[in-house]
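Heads up, protein29.json below (JSON, C-alpha atoms):
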[["chain", "number", "residue", "atom", "x", "y", "z"],
["A", 241, "MET", "CA", 14.05, -10.54, 11.96],
["A", 242, "ASP", "CA", 12.63, -13.62, 13.73],
["A", 243, "ARG", "CA", 8.88, -13.81, 14.26],
["A", 244, "ARG", "CA", 9.05, -13.43, 18.07],
["A", 245, "ARG", "CA", 11.10, -10.24, 17.84],
["A", 246, "PHE", "CA", 8.90, -8.97, 15.00],
["A", 247, "LEU", "CA", 5.77, -9.47, 17.10],
["A", 248, "ALA", "CA", 7.39, -7.71, 20.05],
["A", 249, "CYS", "CA", 8.13, -4.69, 17.83],
["A", 250, "ALA", "CA", 4.58, -4.68, 16.53],
["A", 251, "LEU", "CA", 3.05, -4.89, 19.98],
["A", 252, "ALA", "CA", 5.29, -2.14, 21.29],
["A", 253, "ALA", "CA", 4.39, 0.12, 18.38],
["A", 254, "ALA", "CA", 0.66, -0.61, 18.33],
["A", 255, "PRO", "CA", -0.66, -2.03, 21.61],
["A", 256, "LEU", "CA", -4.15, -3.40, 21.11],
["A", 257, "GLY", "CA", -4.51, -5.19, 24.41],
["A", 258, "ALA", "CA", -6.84, -4.77, 27.35],
["A", 259, "THR", "CA", -8.55, -1.42, 27.75],
["A", 260, "PRO", "CA", -7.33, 0.52, 30.80],
["A", 261, "LEU", "CA", -9.80, 1.33, 33.54],
["A", 262, "ARG", "CA", -9.32, 5.05, 32.98],
["A", 263, "VAL", "CA", -9.02, 6.34, 29.46],
["A", 264, "ALA", "CA", -7.53, 9.78, 28.89],
["A", 265, "ALA", "CA", -9.69, 12.27, 27.04],
["A", 266, "GLN", "CA", -9.12, 12.13, 23.29],
["A", 267, "PRO", "CA", -9.15, 15.19, 21.03],
["A", 268, "ALA", "CA", -12.01, 15.41, 18.56],
["A", 269, "PRO", "CA", -11.18, 13.88, 15.17],
["A", 270, "SER", "CA", -9.91, 16.34, 12.58],
["A", 271, "PRO", "CA", -12.02, 16.91, 9.45],
["A", 272, "ARG", "CA", -9.70, 14.63, 7.48],
["A", 273, "HIS", "CA", -9.94, 11.90, 10.10],
["A", 274, "ARG", "CA", -13.74, 12.16, 10.18],
["A", 275, "ALA", "CA", -13.83, 11.78, 6.40],
["A", 276, "LEU", "CA", -11.49, 8.77, 6.56],
["A", 277, "LEU", "CA", -13.54, 7.16, 9.33],
["A", 278, "ASP", "CA", -16.73, 7.58, 7.31],
["A", 279, "LEU", "CA", -15.09, 6.19, 4.18],
["A", 280, "ALA", "CA", -13.59, 3.23, 6.06],
["A", 281, "ARG", "CA", -16.98, 2.36, 7.57],
["A", 282, "GLU", "CA", -18.59, 2.60, 4.14],
["A", 283, "GLN", "CA", -16.00, 0.36, 2.48],
["A", 284, "VAL", "CA", -15.98, -2.19, 5.31],
["A", 285, "ALA", "CA", -19.76, -2.44, 5.00],
["A", 286, "ARG", "CA", -19.46, -2.86, 1.24],
["A", 287, "ALA", "CA", -16.89, -5.67, 1.56],
["A", 288, "ASP", "CA", -18.45, -7.14, 4.70],
["A", 289, "ALA", "CA", -19.10, -10.65, 3.34],
["A", 290, "HIS", "CA", -15.40, -11.09, 2.45],
["A", 291, "LEU", "CA", -13.86, -9.80, 5.68],
["A", 292, "TRP", "CA", -12.79, -11.81, 8.71],
["A", 293, "ARG", "CA", -12.17, -8.78, 10.91],
["A", 294, "ARG", "CA", -13.82, -5.37, 10.87],
["A", 295, "ASP", "CA", -12.10, -3.48, 13.69],
["A", 296, "MET", "CA", -9.34, -1.95, 11.53],
["A", 297, "ALA", "CA", -9.04, -0.94, 7.89],
["A", 298, "ALA", "CA", -6.64, 1.02, 5.71],
["A", 299, "ILE", "CA", -7.34, 3.69, 3.12],
["A", 300, "ALA", "CA", -4.61, 4.27, 0.52],
["A", 301, "ASP", "CA", -5.28, 7.71, -0.93],
["A", 302, "PHE", "CA", -3.45, 7.85, -4.25],
["A", 303, "GLY", "CA", -4.99, 11.22, -4.98],
["A", 304, "LEU", "CA", -2.18, 12.68, -2.87],
["A", 305, "HIS", "CA", 1.48, 13.11, -3.81],
["A", 306, "SER", "CA", 3.81, 10.32, -2.71],
["A", 307, "ALA", "CA", 5.66, 12.73, -0.38],
["A", 308, "GLU", "CA", 2.52, 12.89, 1.78],
["A", 309, "SER", "CA", 1.46, 10.38, 4.42],
["A", 310, "ARG", "CA", -1.41, 8.89, 2.44],
["A", 311, "PHE", "CA", -1.74, 5.33, 3.80],
["A", 312, "HIS", "CA", -4.27, 5.77, 6.58],
["A", 313, "ILE", "CA", -4.74, 3.00, 9.16],
["A", 314, "VAL", "CA", -8.21, 3.55, 10.59],
["A", 315, "ASN", "CA", -9.22, 2.10, 13.97],
["A", 316, "LEU", "CA", -12.99, 1.80, 13.68],
["A", 317, "GLU", "CA", -13.36, 0.96, 17.37],
["A", 318, "SER", "CA", -11.41, 3.88, 18.85],
["A", 319, "GLY", "CA", -12.10, 6.32, 16.03],
["A", 320, "THR", "CA", -8.41, 7.09, 15.52],
["A", 321, "VAL", "CA", -6.29, 7.31, 12.37],
["A", 322, "ARG", "CA", -2.54, 6.79, 11.84],
["A", 323, "SER", "CA", -1.08, 7.95, 8.52],
["A", 324, "LEU", "CA", 2.07, 6.62, 6.84],
["A", 325, "LEU", "CA", 4.01, 7.04, 3.62],
["A", 326, "VAL", "CA", 3.28, 4.46, 0.91],
["A", 327, "ALA", "CA", 4.72, 3.93, -2.56],
["A", 328, "HIS", "CA", 2.70, 3.42, -5.70],
["A", 329, "GLY", "CA", 3.65, 1.35, -8.74],
["A", 330, "SER", "CA", 6.25, 2.54, -11.25],
["A", 331, "GLY", "CA", 3.91, 1.59, -14.09],
["A", 332, "SER", "CA", 1.33, 3.99, -12.68],
["A", 333, "ASP", "CA", 3.85, 6.86, -12.62],
["A", 334, "PRO", "CA", 6.23, 6.38, -15.58],
["A", 335, "GLU", "CA", 7.58, 9.95, -15.43],
["A", 336, "HIS", "CA", 8.23, 9.50, -11.68],
["A", 337, "ASP", "CA", 6.94, 12.86, -10.50],
["A", 338, "GLY", "CA", 5.27, 11.44, -7.38],
["A", 339, "TRP", "CA", 1.73, 11.54, -8.78],
["A", 340, "LEU", "CA", -0.19, 8.42, -9.80],
["A", 341, "ASN", "CA", -1.32, 8.71, -13.44],
["A", 342, "ALA", "CA", -3.44, 5.59, -13.88],
["A", 343, "TYR", "CA", -4.30, 2.18, -12.43],
["A", 344, "SER", "CA", -3.92, -1.22, -14.05],
["A", 345, "ASN", "CA", -4.85, -4.80, -13.26],
["A", 346, "LEU", "CA", -2.68, -6.25, -16.03],
["A", 347, "VAL", "CA", 0.12, -8.72, -15.28],
["A", 348, "ASP", "CA", 3.55, -7.10, -15.79],
["A", 349, "SER", "CA", 2.05, -3.60, -15.71],
["A", 350, "TRP", "CA", 4.04, -2.77, -12.53],
["A", 351, "ALA", "CA", 1.07, -0.57, -11.71],
["A", 352, "THR", "CA", -1.09, 0.06, -8.67],
["A", 353, "SER", "CA", -4.58, -1.45, -8.81],
["A", 354, "ARG", "CA", -7.65, 0.39, -7.61],
["A", 355, "GLY", "CA", -10.25, -1.09, -5.26],
["A", 356, "ALA", "CA", -10.80, -3.22, -2.16],
["A", 357, "TYR", "CA", -8.17, -5.72, -0.99],
["A", 358, "LEU", "CA", -8.39, -8.50, 1.58],
["A", 359, "THR", "CA", -5.30, -9.08, 3.73],
["A", 360, "TRP", "CA", -3.99, -12.60, 4.18],
["A", 361, "GLU", "CA", -1.17, -14.10, 6.21],
["A", 362, "TRP", "CA", 2.39, -12.94, 6.81],
["A", 363, "TYR", "CA", 5.29, -14.64, 5.05],
["A", 364, "GLU", "CA", 9.05, -14.25, 4.76],
["A", 365, "GLY", "CA", 10.13, -12.96, 1.35],
["A", 366, "ILE", "CA", 12.90, -10.96, -0.30],
["A", 367, "TYR", "CA", 11.77, -7.87, 1.67],
["A", 368, "GLY", "CA", 11.57, -9.69, 5.00],
["A", 369, "THR", "CA", 8.25, -10.18, 6.75],
["A", 370, "SER", "CA", 5.51, -9.21, 4.29],
["A", 371, "MET", "CA", 1.78, -9.79, 3.87],
["A", 372, "ARG", "CA", -0.11, -11.41, 1.03],
["A", 373, "LEU", "CA", -3.19, -9.73, -0.39],
["A", 374, "THR", "CA", -6.01, -10.58, -2.73],
["A", 375, "GLY", "CA", -8.24, -8.29, -4.76],
["A", 376, "LEU", "CA", -11.99, -8.24, -4.24],
["A", 377, "GLU", "CA", -12.98, -6.38, -7.40],
["A", 378, "ALA", "CA", -12.67, -6.57, -11.18],
["A", 379, "ASP", "CA", -10.13, -3.73, -11.05],
["A", 380, "ASN", "CA", -7.73, -5.70, -8.83],
["A", 381, "SER", "CA", -8.63, -9.34, -9.50],
["A", 382, "ASN", "CA", -5.05, -10.19, -10.58],
["A", 383, "VAL", "CA", -3.43, -8.96, -7.36],
["A", 384, "PHE", "CA", -2.54, -12.43, -6.08],
["A", 385, "ASP", "CA", -1.21, -13.62, -9.47],
["A", 386, "ARG", "CA", 0.83, -10.40, -9.76],
["A", 387, "ALA", "CA", 2.31, -11.00, -6.27],
["A", 388, "ILE", "CA", 1.08, -7.61, -5.06],
["A", 389, "VAL", "CA", 1.77, -7.58, -1.31],
["A", 390, "MET", "CA", 2.53, -5.26, 1.59],
["A", 391, "HIS", "CA", 6.24, -5.07, 2.34],
["A", 392, "ALA", "CA", 8.97, -2.83, 3.74],
["A", 393, "ALA", "CA", 10.99, -0.47, 1.57],
["A", 394, "THR", "CA", 13.60, 2.16, 2.40],
["A", 395, "TYR", "CA", 12.26, 4.25, -0.49],
["A", 396, "ALA", "CA", 9.05, 4.84, 1.51],
["A", 397, "THR", "CA", 10.72, 6.55, 4.46],
["A", 398, "PRO", "CA", 10.79, 10.21, 5.60],
["A", 399, "ALA", "CA", 14.53, 10.24, 4.93],
["A", 400, "HIS", "CA", 14.01, 9.21, 1.31],
["A", 401, "VAL", "CA", 11.27, 11.81, 0.83],
["A", 402, "ALA", "CA", 13.45, 14.50, 2.44],
["A", 403, "ARG", "CA", 16.24, 13.71, -0.03],
["A", 404, "TRP", "CA", 14.24, 13.20, -3.22],
["A", 405, "GLY", "CA", 11.01, 15.12, -2.59],
["A", 406, "LYS", "CA", 8.94, 12.00, -3.23],
["A", 407, "ALA", "CA", 8.73, 8.34, -2.32],
["A", 408, "GLY", "CA", 10.21, 5.73, -4.62],
["A", 409, "ARG", "CA", 8.05, 3.38, -6.67],
["A", 410, "SER", "CA", 7.19, -0.27, -6.22],
["A", 411, "ASN", "CA", 6.01, -2.80, -8.80],
["A", 412, "GLY", "CA", 2.45, -2.20, -7.58],
["A", 413, "CYS", "CA", 2.90, -3.31, -3.97],
["A", 414, "PHE", "CA", 1.99, -1.30, -0.88],
["A", 415, "ALA", "CA", 5.56, -0.52, 0.20],
["A", 416, "LEU", "CA", 5.88, 1.07, 3.66],
["A", 417, "ASP", "CA", 8.62, 2.42, 5.92],
["A", 418, "PRO", "CA", 10.44, -0.56, 7.53],
["A", 419, "ALA", "CA", 10.09, 1.15, 10.93],
["A", 420, "GLU", "CA", 6.30, 1.32, 10.52],
["A", 421, "LEU", "CA", 5.68, -2.03, 8.86],
["A", 422, "PRO", "CA", 5.54, -4.30, 11.97],
["A", 423, "ALA", "CA", 2.70, -2.31, 13.52],
["A", 424, "ALA", "CA", 0.91, -2.03, 10.17],
["A", 425, "LEU", "CA", 1.05, -5.78, 9.60],
["A", 426, "TYR", "CA", -0.13, -6.45, 13.14],
["A", 427, "GLN", "CA", -3.06, -4.05, 12.83],
["A", 428, "LEU", "CA", -4.17, -4.99, 9.32],
["A", 429, "GLY", "CA", -3.39, -8.69, 8.93],
["A", 430, "GLY", "CA", -5.72, -11.65, 9.03],
["A", 431, "GLY", "CA", -8.68, -10.76, 6.84],
["A", 432, "ARG", "CA", -9.02, -6.99, 7.11],
["A", 433, "LEU", "CA", -9.66, -4.42, 4.40],
["A", 434, "ILE", "CA", -7.34, -2.16, 2.44],
["A", 435, "TYR", "CA", -9.08, 0.23, 0.06],
["A", 436, "ALA", "CA", -7.11, 2.07, -2.63],
["A", 437, "ASP", "CA", -8.45, 4.90, -4.77],
["A", 438, "THR", "CA", -7.78, 8.43, -5.99],
["A", 439, "LEU", "CA", -9.41, 10.40, -3.20],
["A", 440, "GLY", "CA", -7.30, 13.48, -2.51],
["A", 441, "ILE", "CA", -8.74, 13.98, 0.99],
["A", 442, "GLY", "CA", -7.26, 17.18, 2.33],
["A", 443, "ALA", "CA", -6.82, 18.53, 5.84],
["A", 444, "ASP", "CA", -10.29, 20.07, 5.68],
["A", 445, "GLY", "CA", -11.86, 16.68, 4.89],
["A", 446, "THR", "CA", -12.84, 17.58, 1.35],
["A", 447, "ARG", "CA", -11.56, 15.94, -1.81],
["A", 448, "GLY", "CA", -9.17, 17.94, -3.93],
["A", 449, "ALA", "CA", -8.42, 17.72, -7.65],
["A", 450, "VAL", "CA", -5.33, 15.83, -8.79],
["A", 451, "PRO", "CA", -3.08, 17.76, -11.21],
["A", 452, "PRO", "CA", -3.64, 16.60, -14.81],
["A", 453, "GLN", "CA", -1.54, 13.53, -15.59],
["A", 454, "PRO", "CA", -0.61, 12.08, -18.98],
["A", 455, "PRO", "CA", -2.28, 8.77, -19.90],
["A", 456, "VAL", "CA", -0.35, 5.51, -19.65],
["A", 457, "ASP", "CA", -0.15, 3.05, -22.56],
["A", 458, "PHE", "CA", 0.07, -0.06, -20.41],
["A", 459, "GLU", "CA", -0.01, -2.54, -23.31],
["A", 460, "SER", "CA", 3.01, -0.95, -25.00],
["A", 461, "ALA", "CA", 4.87, -0.67, -21.69],
["A", 462, "ILE", "CA", 4.21, -4.34, -20.93],
["A", 463, "ALA", "CA", 5.36, -5.44, -24.40],
["A", 464, "LEU", "CA", 8.59, -3.45, -24.06],
["A", 465, "ARG", "CA", 9.20, -4.77, -20.55],
["A", 466, "ARG", "CA", 8.72, -8.38, -21.65],
["A", 467, "ALA", "CA", 11.02, -7.90, -24.65],
["A", 468, "GLN", "CA", 13.72, -6.46, -22.41],
["A", 469, "ALA", "CA", 13.29, -9.34, -19.96],
["A", 470, "ALA", "CA", 13.68, -11.84, -22.81],
["A", 471, "GLU", "CA", 16.89, -10.11, -23.91],
["A", 472, "ARG", "CA", 18.29, -10.23, -20.38],
["A", 473, "ALA", "CA", 17.34, -13.89, -20.11],
["A", 474, "ALA", "CA", 19.13, -14.67, -23.35],
["A", 475, "GLU", "CA", 22.23, -12.88, -22.11],
["A", 476, "HIS", "CA", 22.19, -14.88, -18.86],
["A", 477, "GLY", "CA", 21.58, -18.34, -20.27],
["A", 478, "GLY", "CA", 17.82, -18.30, -19.88],
["A", 479, "GLU", "CA", 17.72, -16.85, -16.34],
["A", 480, "VAL", "CA", 16.27, -13.38, -15.84],
["A", 481, "PRO", "CA", 18.41, -11.36, -13.35],
["A", 482, "ASP", "CA", 16.59, -9.89, -10.38],
["A", 483, "SER", "CA", 15.69, -6.22, -10.97],
["A", 484, "SER", "CA", 14.06, -5.68, -7.57],
["A", 485, "SER", "CA", 16.82, -3.31, -6.45],
["A", 486, "ASP", "CA", 17.03, -1.33, -9.71],
["A", 487, "PRO", "CA", 17.46, 2.33, -8.61],
["A", 488, "ALA", "CA", 15.72, 3.48, -11.79],
["A", 489, "ILE", "CA", 12.55, 1.88, -10.45],
["A", 490, "PHE", "CA", 12.70, 2.63, -6.77],
["A", 491, "ASN", "CA", 14.43, 6.02, -6.37]]

With the file now loaded, output its structure as C-alpha coordinates.
Amino acid sequence: MDRRRFLACALAAAPLGATPLRVAAQPAPSPRHRALLDLAREQVARADAHLWRRDMAAIADFGLHSAESRFHIVNLESGTVRSLLVAHGSGSDPEHDGWLNAYSNLVDSWATSRGAYLTWEWYEGIYGTSMRLTGLEADNSNVFDRAIVMHAATYATPAHVARWGKAGRSNGCFALDPAELPAALYQLGGGRLIYADTLGIGADGTRGAVPPQPPVDFESAIALRRAQAAERAAEHGGEVPDSSSDPAIFN
(Lines of atoms letter the chains of each structure in order from A and count residues from 1; the text may use other names and numbers.)
(Lines give C-alpha, C1' and ligand atoms only; values in the text may rest on other atoms or scores of the structure.)
Protein backbone atom coordinates (compact mmCIF):
# COMPACT_ATOMS: atom_id res chain seq x y z
CA MET A 1 0.00 0.00 0.00
CA ASP A 2 1.45 3.40 -0.96
CA ARG A 3 1.95 5.98 1.78
CA ARG A 4 -0.78 8.36 0.53
CA ARG A 5 -3.41 5.61 0.52
CA PHE A 6 -2.15 4.32 3.87
CA LEU A 7 -2.53 7.77 5.43
CA ALA A 8 -6.02 8.11 3.98
CA CYS A 9 -7.02 4.80 5.61
CA ALA A 10 -5.54 5.90 8.91
CA LEU A 11 -7.29 9.25 8.86
CA ALA A 12 -10.59 7.67 7.95
CA ALA A 13 -10.28 5.15 10.77
CA ALA A 14 -9.01 7.55 13.43
CA PRO A 15 -9.78 11.20 12.68
CA LEU A 16 -7.79 13.44 14.99
CA GLY A 17 -8.48 16.73 13.28
CA ALA A 18 -10.22 19.90 14.35
CA THR A 19 -12.67 19.64 17.23
CA PRO A 20 -16.29 20.21 16.15
CA LEU A 21 -18.18 23.14 17.60
CA ARG A 22 -20.70 20.82 19.21
CA VAL A 23 -19.50 17.62 20.80
CA ALA A 24 -21.99 14.86 21.47
CA ALA A 25 -22.29 13.68 25.05
CA GLN A 26 -19.91 10.82 25.80
CA PRO A 27 -20.76 7.90 28.08
CA ALA A 28 -18.83 7.71 31.34
CA PRO A 29 -15.69 5.57 31.09
CA SER A 30 -16.13 1.96 32.14
CA PRO A 31 -14.18 0.72 35.19
CA ARG A 32 -11.64 -0.94 32.88
CA HIS A 33 -11.21 2.23 30.85
CA ARG A 34 -10.76 4.31 34.01
CA ALA A 35 -8.06 1.91 35.19
CA LEU A 36 -6.34 2.05 31.78
CA LEU A 37 -6.51 5.85 31.70
CA ASP A 38 -4.95 6.06 35.16
CA LEU A 39 -2.22 3.59 34.23
CA ALA A 40 -1.47 5.37 30.94
CA ARG A 41 -1.14 8.72 32.73
CA GLU A 42 1.15 7.14 35.32
CA GLN A 43 3.40 5.52 32.71
CA VAL A 44 3.51 8.62 30.48
CA ALA A 45 4.60 10.65 33.51
CA ARG A 46 7.25 8.06 34.34
CA ALA A 47 8.67 8.09 30.79
CA ASP A 48 8.07 11.80 30.26
CA ALA A 49 11.69 12.80 29.54
CA HIS A 50 11.90 10.29 26.66
CA LEU A 51 8.59 11.09 24.95
CA TRP A 52 7.99 13.48 22.08
CA ARG A 53 4.20 13.30 22.30
CA ARG A 54 1.98 12.67 25.30
CA ASP A 55 -1.55 12.81 23.88
CA MET A 56 -1.84 9.08 23.14
CA ALA A 57 -0.34 5.93 24.63
CA ALA A 58 -0.87 2.19 24.40
CA ILE A 59 -1.11 -0.41 27.15
CA ALA A 60 -0.40 -4.01 26.12
CA ASP A 61 -1.94 -6.18 28.83
CA PHE A 62 -0.27 -9.57 28.56
CA GLY A 63 -2.05 -10.72 31.69
CA LEU A 64 -5.02 -11.50 29.41
CA HIS A 65 -5.41 -14.40 27.00
CA SER A 66 -4.45 -13.71 23.39
CA ALA A 67 -8.08 -14.22 22.29
CA GLU A 68 -8.98 -11.02 24.16
CA SER A 69 -8.58 -7.46 22.88
CA ARG A 70 -5.67 -6.55 25.14
CA PHE A 71 -3.80 -3.83 23.21
CA HIS A 72 -5.44 -0.67 24.51
CA ILE A 73 -4.90 2.62 22.65
CA VAL A 74 -5.58 5.33 25.22
CA ASN A 75 -6.45 8.89 24.18
CA LEU A 76 -5.34 10.96 27.17
CA GLU A 77 -6.98 14.10 25.79
CA SER A 78 -10.48 12.72 25.14
CA GLY A 79 -10.39 10.06 27.84
CA THR A 80 -11.33 7.28 25.43
CA VAL A 81 -9.89 3.80 24.91
CA ARG A 82 -9.86 1.55 21.82
CA SER A 83 -8.89 -2.10 22.35
CA LEU A 84 -7.41 -4.45 19.74
CA LEU A 85 -6.04 -7.96 19.48
CA VAL A 86 -2.25 -8.28 19.74
CA ALA A 87 0.08 -11.26 19.50
CA HIS A 88 2.83 -12.08 21.95
CA GLY A 89 6.14 -13.80 21.21
CA SER A 90 6.36 -17.53 20.56
CA GLY A 91 9.30 -17.76 22.94
CA SER A 92 7.09 -16.40 25.71
CA ASP A 93 4.43 -19.06 25.06
CA PRO A 94 6.22 -22.25 23.93
CA GLU A 95 3.20 -24.50 24.53
CA HIS A 96 1.04 -22.06 22.50
CA ASP A 97 -2.00 -22.02 24.78
CA GLY A 98 -2.60 -18.28 24.36
CA TRP A 99 -1.12 -17.29 27.74
CA LEU A 100 2.22 -15.53 28.10
CA ASN A 101 4.51 -17.53 30.40
CA ALA A 102 7.53 -15.25 30.73
CA TYR A 103 9.33 -12.24 29.27
CA SER A 104 12.84 -12.06 27.87
CA ASN A 105 15.19 -9.38 26.59
CA LEU A 106 17.64 -11.88 25.09
CA VAL A 107 18.50 -11.84 21.39
CA ASP A 108 16.97 -14.85 19.59
CA SER A 109 14.58 -15.51 22.47
CA TRP A 110 11.56 -14.80 20.19
CA ALA A 111 9.94 -13.54 23.37
CA THR A 112 7.94 -10.49 24.37
CA SER A 113 9.81 -7.94 26.50
CA ARG A 114 8.23 -6.20 29.45
CA GLY A 115 8.33 -2.44 30.02
CA ALA A 116 8.07 0.97 28.37
CA TYR A 117 8.72 1.42 24.64
CA LEU A 118 9.21 4.56 22.58
CA THR A 119 7.71 4.57 19.08
CA TRP A 120 9.82 5.72 16.16
CA GLU A 121 9.14 6.20 12.47
CA TRP A 122 7.23 4.09 9.97
CA TYR A 123 9.09 1.99 7.41
CA GLU A 124 8.28 -0.51 4.67
CA GLY A 125 9.28 -4.06 5.59
CA ILE A 126 8.30 -7.66 4.90
CA TYR A 127 4.95 -7.05 6.64
CA GLY A 128 4.24 -3.80 4.79
CA THR A 129 4.12 -0.50 6.61
CA SER A 130 5.45 -1.09 10.13
CA MET A 131 6.85 0.99 13.00
CA ARG A 132 10.21 0.81 14.70
CA LEU A 133 10.42 0.81 18.47
CA THR A 134 13.07 1.17 21.13
CA GLY A 135 13.05 -0.01 24.73
CA LEU A 136 13.37 2.45 27.59
CA GLU A 137 14.17 -0.02 30.37
CA ALA A 138 16.65 -2.73 31.32
CA ASP A 139 13.97 -5.34 30.62
CA ASN A 140 13.60 -4.28 26.96
CA SER A 141 16.92 -2.61 26.15
CA ASN A 142 17.58 -5.00 23.23
CA VAL A 143 14.31 -4.23 21.42
CA PHE A 144 15.94 -2.29 18.58
CA ASP A 145 18.74 -4.87 18.09
CA ARG A 146 16.13 -7.66 18.11
CA ALA A 147 14.09 -5.81 15.43
CA ILE A 148 11.01 -5.79 17.66
CA VAL A 149 8.48 -3.58 15.85
CA MET A 150 4.75 -3.04 15.38
CA HIS A 151 3.44 -4.70 12.23
CA ALA A 152 0.37 -6.27 10.64
CA ALA A 153 -0.40 -9.98 10.92
CA THR A 154 -3.38 -12.05 9.81
CA TYR A 155 -2.86 -14.23 12.89
CA ALA A 156 -3.98 -11.30 15.08
CA THR A 157 -7.45 -10.95 13.56
CA PRO A 158 -10.93 -11.84 14.89
CA ALA A 159 -11.22 -14.44 12.13
CA HIS A 160 -8.06 -16.19 13.29
CA VAL A 161 -9.20 -16.14 16.92
CA ALA A 162 -12.64 -17.45 15.92
CA ARG A 163 -11.00 -20.39 14.14
CA TRP A 164 -8.22 -21.25 16.59
CA GLY A 165 -9.46 -19.85 19.90
CA LYS A 166 -6.33 -17.72 20.27
CA ALA A 167 -4.12 -15.34 18.34
CA GLY A 168 -0.98 -16.60 16.66
CA ARG A 169 2.48 -15.75 17.96
CA SER A 170 5.10 -13.32 16.72
CA ASN A 171 8.85 -13.32 17.32
CA GLY A 172 8.29 -10.73 20.05
CA CYS A 173 6.75 -7.98 17.92
CA PHE A 174 3.44 -6.22 18.58
CA ALA A 175 1.52 -7.84 15.72
CA LEU A 176 -1.93 -6.33 15.05
CA ASP A 177 -4.89 -6.92 12.74
CA PRO A 178 -4.01 -5.50 9.28
CA ALA A 179 -7.39 -3.70 9.23
CA GLU A 180 -6.55 -1.92 12.50
CA LEU A 181 -2.87 -1.22 11.93
CA PRO A 182 -3.11 2.03 9.88
CA ALA A 183 -5.06 3.82 12.60
CA ALA A 184 -2.81 2.38 15.33
CA LEU A 185 0.34 3.59 13.58
CA TYR A 186 -1.19 7.00 13.00
CA GLN A 187 -2.25 7.37 16.62
CA LEU A 188 0.88 5.98 18.26
CA GLY A 189 3.76 6.93 15.96
CA GLY A 190 6.35 9.63 16.36
CA GLY A 191 7.62 9.39 19.92
CA ARG A 192 4.69 8.09 21.94
CA LEU A 193 4.59 5.42 24.63
CA ILE A 194 3.71 1.73 24.53
CA TYR A 195 3.75 0.01 27.91
CA ALA A 196 3.71 -3.80 28.13
CA ASP A 197 3.19 -5.79 31.32
CA THR A 198 1.20 -8.60 32.92
CA LEU A 199 -1.75 -6.62 34.24
CA GLY A 200 -4.89 -8.71 33.80
CA ILE A 201 -7.22 -5.70 34.01
CA GLY A 202 -10.75 -7.03 33.92
CA ALA A 203 -14.07 -5.45 33.02
CA ASP A 204 -14.48 -4.28 36.62
CA GLY A 205 -11.14 -2.43 36.50
CA THR A 206 -9.39 -4.74 38.94
CA ARG A 207 -6.39 -6.91 38.19
CA GLY A 208 -6.99 -10.63 37.96
CA ALA A 209 -4.60 -13.54 38.52
CA VAL A 210 -3.03 -15.23 35.50
CA PRO A 211 -3.37 -19.04 35.46
CA PRO A 212 -0.10 -20.70 36.57
CA GLN A 213 2.30 -21.06 33.66
CA PRO A 214 5.38 -23.29 33.36
CA PRO A 215 8.75 -21.50 33.41
CA VAL A 216 10.68 -20.97 30.18
CA ASP A 217 14.33 -21.99 29.81
CA PHE A 218 15.26 -19.24 27.39
CA GLU A 219 18.98 -20.09 27.24
CA SER A 220 18.30 -23.69 26.16
CA ALA A 221 15.64 -22.56 23.67
CA ILE A 222 18.04 -20.03 22.16
CA ALA A 223 20.85 -22.58 21.88
CA LEU A 224 18.55 -25.06 20.13
CA ARG A 225 17.19 -22.39 17.80
CA ARG A 226 20.69 -21.27 16.81
CA ALA A 227 21.81 -24.86 16.21
CA GLN A 228 18.81 -25.48 13.98
CA ALA A 229 19.49 -22.25 12.09
CA ALA A 230 23.11 -23.33 11.53
CA GLU A 231 21.91 -26.68 10.17
CA ARG A 232 19.50 -24.97 7.77
CA ALA A 233 22.25 -22.60 6.67
CA ALA A 234 24.57 -25.51 5.96
CA GLU A 235 21.86 -27.21 3.91
CA HIS A 236 21.31 -24.04 1.86
CA GLY A 237 24.91 -23.13 1.15
CA GLY A 238 25.32 -20.74 4.06
CA GLU A 239 22.01 -18.88 3.63
CA VAL A 240 19.36 -19.26 6.32
CA PRO A 241 15.87 -19.65 4.74
CA ASP A 242 13.22 -17.22 5.90
CA SER A 243 11.00 -18.76 8.61
CA SER A 244 8.75 -15.72 9.02
CA SER A 245 5.75 -17.56 7.58
CA ASP A 246 6.29 -20.82 9.48
CA PRO A 247 2.76 -21.95 10.54
CA ALA A 248 4.24 -23.68 13.59
CA ILE A 249 5.18 -20.24 14.90
CA PHE A 250 2.25 -18.11 13.89
CA ASN A 251 -0.87 -20.34 14.01

To one decimal in Å, tell me the separation between atom CA of A:Ala407 and atom CA of A:Thr352.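 These two atoms are separated by 14.3 Å.
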
Go ahead and compute the interatomic distance for atom CA of A:Glu308 and atom CA of A:Pro454, in Å to one decimal. 21.0 Å

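Separating atom CA of A:Asn315 from atom CA of A:Ala424 is a distance of 11.6 Å.
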
Residue among A:Asn382, A:Gln468, A:Ser318, A:Thr359 lying closest to A:Leu433, counting only C-alpha atoms: A:Thr359

Pick the closest to A:Leu421 from A:Ser370, A:Ser330, A:Gln453, A:Thr446: which is it, counting all atoms listed in the file?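 Smallest distance to A:Leu421 is found for A:Ser370.
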
For a quick check of understanding, using only C-alpha atoms, which of A:Leu376, A:Ala470, A:Leu464, A:Leu428 has the smallest distance to A:Gly355?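 Closest to A:Gly355, using only C-alpha atoms: A:Leu376.
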
So that I can check the surroundings of A:Val401, please list as a PyMOL selection string every protein, DNA and RNA residue that reaches within 10 Å of it, counting all atoms listed in the file and ignoring chain neighbours fewer than 5 positions away. chain A and resi 306-308+325+395-396+406-408+491

Residue nearest A:Trp362 among A:Ala473, A:Ala298, A:Leu425, A:Leu340 (counting all atoms listed in the file): A:Leu425

Mind giving me the axis-aligned box for stretch 316-331 of chain A with 8 Å on every side, centre plus edges in Å to one decimal, as JSON?
{"center_x": -3.6, "center_y": 4.5, "center_z": 2.4, "size_x": 35.6, "size_y": 23.0, "size_z": 48.9}

Kindly indicate which residue among A:Gly477, A:Gly365, A:Pro418, A:Gly440 lies nearest to A:Trp339, using all atoms listed in the file for the distances.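 Nearest to A:Trp339: A:Gly440.
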
Using all atoms listed in the file, which of A:Arg272, A:Trp360, A:Val450, A:His336 sits nearest A:His312?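 Of the candidates, the smallest distance to A:His312 is held by A:Arg272.
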
Please return as a list in words every residue within 7 Å of (-9.8, -6.5, -2.4), taking into account only C-alpha atoms and the file's own coordinates.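 The residues that fall inside the cut-off are Gly355, Ala356, Tyr357, Leu358, Thr374, Gly375, Leu376, Glu377, Asn380 and Ile434 of chain A.
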
Spatial neighbours of stretch 321-323 of chain A, max dist 7 Å, only C-alpha atoms, sep filter under 4 positions, as a VMD selection string: chain A and resid 273 309 to 315

What's the 6 Å shell around stretch 436-438 of chain A, counting all atoms listed in the file, without same-chain residues fewer than 2 positions away, as number ranges by chain? A: 299-303, 354-355
